[in-house]
Every structure is written in structure tokens, then in C-alpha cells.
Amino acid sequence: MARPPRLRISEIFHSIQGEGLFTGERTAFVRLTGCPLRCSYCDTQYAFTGGEWVSIEEILGTVSGLDVHHVCVTGGEPLAQRDCLLLLASLCDAGYSVSLETSGALDLSAVDPRVVKVVDIKTPASGEADANLWENLEHLGDRDQIKLVICDREDYLWAVEQIGEHRLDRFGTLLFSPAAGSLSPQELAEWILRDRLPVRLQVQLHKLLWGDERGR
């Protein structure tokens with residue numbers, strides 16, 4: 001008998017979404033273990049390894065007990081696990097509003113179209129800019145979100161170049177986020193205002209509420 005689909009899960013928890021257009025909404029977070037990238041500003045290094053193998057049926061059961069409308073599948077890099085695609089589709093089939101937080105370094109073409117894709121394009125200071133798979137832009141639509149974490153002035157100028165070169169502002173939402181501890185939100189806001197960029201400034205609400213507490 002074939003083994004039921006399963007994924008290595010770092011944690012499943014109930015919290016307030018702290019980023020993007022779902023900010024402030026009660027959300028079930030399903031954090032998958034593993035990531036092929038090593039970004040300089042990563043705040044979930046604990047998810048690189050460990051975790052437990054959990055069947056999709058068990059994941060759905062845990063999420064159901066949290067009584068939420070929105071589910072965010074995150075990592076690590078969720079798409080590094082093959083059965084993530086099945087998990088996303090299963091959550092959609094169950095009636096949830098589903099978002100996927102991904103680096104954009106892995107192919108997005110097979111992601112269920114009902115899923116809101118939140119793509120974190122890597123800036124030079126992340127150390128992983130070469131991993132950006134620009135072909136993924138072809139698989140984004142009006143409901144999707146692009147995020148760039150800005151660490152310094154050089155990152156900002158690079159990001160502005162990408163807006164022009166790749167027409168990043170043609171998608172649903174373009175987010176600039178200051179890297180915690182590297183760039184102040186106020187300074188980034190002043191740059192955005194001065195250059196009149198077609199972006200949204202975002203800060204991490206969950207960190208304002210709970211700091212770096214895990215599972216928040």
C-alpha cells in the first residue's frame with residue numbers, strides 16, 4: 001500500500017499575520033522544514049533542519065482546530081518539499097484562503113492558481129540574489145505579492161533598478177520591507193517618498209507585538 005503524502009513540518013501555529021496584504025488577520029501558519037538558501041537576514045534558521053513528518057490529512061486536522069479562514073504555508077522554503085504542491089491544493093479544496101511565502105528561487109508554475117503567491121525577491125545584501133528565478137514572474141498575477149527585503153542603500157538602488165527592468169509594479173502588490181537591525185523603517189520610508197516609488201512600505205507587525213518569539 002502506498003504511503004500517504006506527508007511533509008516535514010517545523011511547526012503549525014495560530015497567530016496574527018504580520019506581513020503583506022493579510023496583515024492583522026488571524027492566520028494558521030504551516031511552517032515546512034528545509035531551505036536551499038542561506039539569506040543573511042534569515043530569522044527562521046531553526047526551520048532549516050529538524051521537524052516531524054506529518055501527513056497532509058493530519059495537517060488539515062490541526063489547521064481545522066484553529067478555526068481560521070486564512071492559512072499561510074511558509075518555511076524555510078516550502079517548495080523545497082515536493083508534496084507542498086499537494087498540501088496547497090488540499091487546503092484550497094478545504095475552503096481556506098491560502099497564501100504561499102516563497103523565495104522565488106524555485107519553479108512556481110505548478111502552484112495551484114487559487115493560492116496567493118508571496119514572492120521574496122532576494123537583494124544583493126541577502127547573499128542570494130543569484131538564486132532569483134526571474135522566469136517566475138510569468139506565473140504571477142494581480143492577486144500575488146512581491147516582497148523585497150532592503151538591508152541598505154545599495155539594496156534600495158538595486159531594487160529600484162529591478163522595478164524598471166522587470167516591471168515589477170505590474171503585479172498585484174509590490175512591498176519594500178526594511179531588514180530588521182540593518183535599516184530603519186523611517187529611512188526607507190523617506191527614500192520611497194522622495195523617489196515616489198509605486199511600492200508599499202511594510203514592517204513586521206508580529207515582531208512589534210512579540211519580538212523574535214518562536215511560533216508567533
# chains A, B, ... in the order shown; residues from 1 in each chain; ligands from 1
>>> residues_around(residues="region 144-155 of chain A", least_positions_apart="3", cutoff="7 Å", atoms="only C-alpha atoms", output="PyMOL selection string")
chain A and resi 116-125+140-141+158-159+171-179+182-183
>>> closest_residue(among="A:Gly104, A:Gly95, A:Gly164, A:Pro5", to="Asn136 (chain A)", atoms="only C-alpha atoms")
A:Gly104
>>> select_by_dssp(residues="region 41-165 of chain A", states="strand (DSSP E or B)", output="tab-separated table (two decimals) with C-alpha atoms, in the first residue's frame")
chain	number	residue	atom	x	y	z
A	52	GLU	CA	8.49	15.93	12.12
A	53	TRP	CA	6.93	14.03	9.25
A	54	VAL	CA	3.21	14.79	9.18
A	55	SER	CA	0.59	13.56	6.73
A	70	HIS	CA	-6.59	32.14	6.13
A	71	VAL	CA	-3.71	29.64	6.04
A	72	CYS	CA	-0.13	30.68	5.26
A	73	VAL	CA	2.29	27.98	4.11
A	74	THR	CA	5.81	29.17	4.85
A	97	SER	CA	-7.87	31.28	1.73
A	98	VAL	CA	-4.27	30.15	1.17
A	99	SER	CA	-1.03	32.07	0.74
A	100	LEU	CA	2.43	30.73	-0.01
A	101	GLU	CA	5.56	32.50	1.23
A	102	THR	CA	8.40	31.56	-1.12
A	116	VAL	CA	-1.82	33.80	-3.33
A	117	LYS	CA	1.90	33.71	-4.01
A	118	VAL	CA	4.09	35.99	-1.86
A	119	VAL	CA	7.49	36.02	-3.57
A	120	ASP	CA	10.55	37.31	-1.71
A	121	ILE	CA	12.94	38.53	-4.39
A	145	GLN	CA	2.60	39.87	-3.94
A	146	ILE	CA	6.28	40.61	-4.46
A	147	LYS	CA	8.43	41.48	-1.46
A	148	LEU	CA	11.97	42.84	-1.34
A	149	VAL	CA	13.80	42.99	1.99
A	150	ILE	CA	16.02	46.07	1.90
>>> atom_distance(atom1="CA of Gly76 (chain A)", atom2="CA of Val160 (chain A)")
26.4 Å
>>> closest_residue(among="A:Leu168, A:Arg38, A:Gly61, A:Arg82", to="Ala129 (chain A)", atoms="only C-alpha atoms")
A:Arg38
>>> residues_around(residues="Asp107 (chain A)", least_positions_apart="2", cutoff="12 Å", atoms="only C-alpha atoms", output="ChimeraX atom specification")
/A:77-80,82,85,102-105,109-111,117,119,131-140
>>> write_last_selection(atoms="C-alpha atoms", output="PDB file, in the first residue's frame")
ATOM      1  CA  GLU A  77      11.327  27.289   1.581  1.00  0.00           C
ATOM      2  CA  PRO A  78       8.053  25.340   1.293  1.00  0.00           C
ATOM      3  CA  LEU A  79       8.529  24.387  -2.356  1.00  0.00           C
ATOM      4  CA  ALA A  80      11.714  22.512  -1.481  1.00  0.00           C
ATOM      5  CA  ARG A  82       7.614  18.044  -3.421  1.00  0.00           C
ATOM      6  CA  LEU A  85       2.026  21.440  -4.047  1.00  0.00           C
ATOM      7  CA  THR A 102       8.399  31.563  -1.119  1.00  0.00           C
ATOM      8  CA  SER A 103      11.828  32.818  -2.065  1.00  0.00           C
ATOM      9  CA  GLY A 104      11.006  32.645  -5.766  1.00  0.00           C
ATOM     10  CA  ALA A 105      14.173  30.623  -6.309  1.00  0.00           C
ATOM     11  CA  SER A 109       4.496  27.131 -12.443  1.00  0.00           C
ATOM     12  CA  ALA A 110       2.763  24.164 -10.755  1.00  0.00           C
ATOM     13  CA  VAL A 111       1.404  26.081  -7.748  1.00  0.00           C
ATOM     14  CA  LYS A 117       1.904  33.711  -4.012  1.00  0.00           C
ATOM     15  CA  VAL A 119       7.489  36.020  -3.571  1.00  0.00           C
ATOM     16  CA  ALA A 131      19.218  32.497  -6.864  1.00  0.00           C
ATOM     17  CA  ASN A 132      16.343  34.659  -8.138  1.00  0.00           C
ATOM     18  CA  LEU A 133      14.419  32.747 -10.805  1.00  0.00           C
ATOM     19  CA  TRP A 134      13.120  35.661 -12.855  1.00  0.00           C
ATOM     20  CA  GLU A 135      11.069  33.340 -15.057  1.00  0.00           C
ATOM     21  CA  ASN A 136       8.715  33.007 -12.095  1.00  0.00           C
ATOM     22  CA  LEU A 137       7.353  36.474 -12.856  1.00  0.00           C
ATOM     23  CA  GLU A 138       5.463  34.872 -15.749  1.00  0.00           C
ATOM     24  CA  HIS A 139       3.407  32.903 -13.212  1.00  0.00           C
ATOM     25  CA  LEU A 140       2.287  35.873 -11.088  1.00  0.00           C
TER      26      LEU A 140
END
>>> select_by_dssp(residues="region 74-114 of chain A", states="alpha helix (DSSP H)", output="NGL selection string")
:A and (84-93)
>>> residues_around(residues="Val63 (chain A)", least_positions_apart="6", cutoff="9 Å", atoms="only C-alpha atoms", output="PyMOL selection string")
chain A and resi 12-14+28-30+71
>>> atom_distance(atom1="CA of Glu187 (chain A)", atom2="CA of Trp210 (chain A)")
23.0 Å
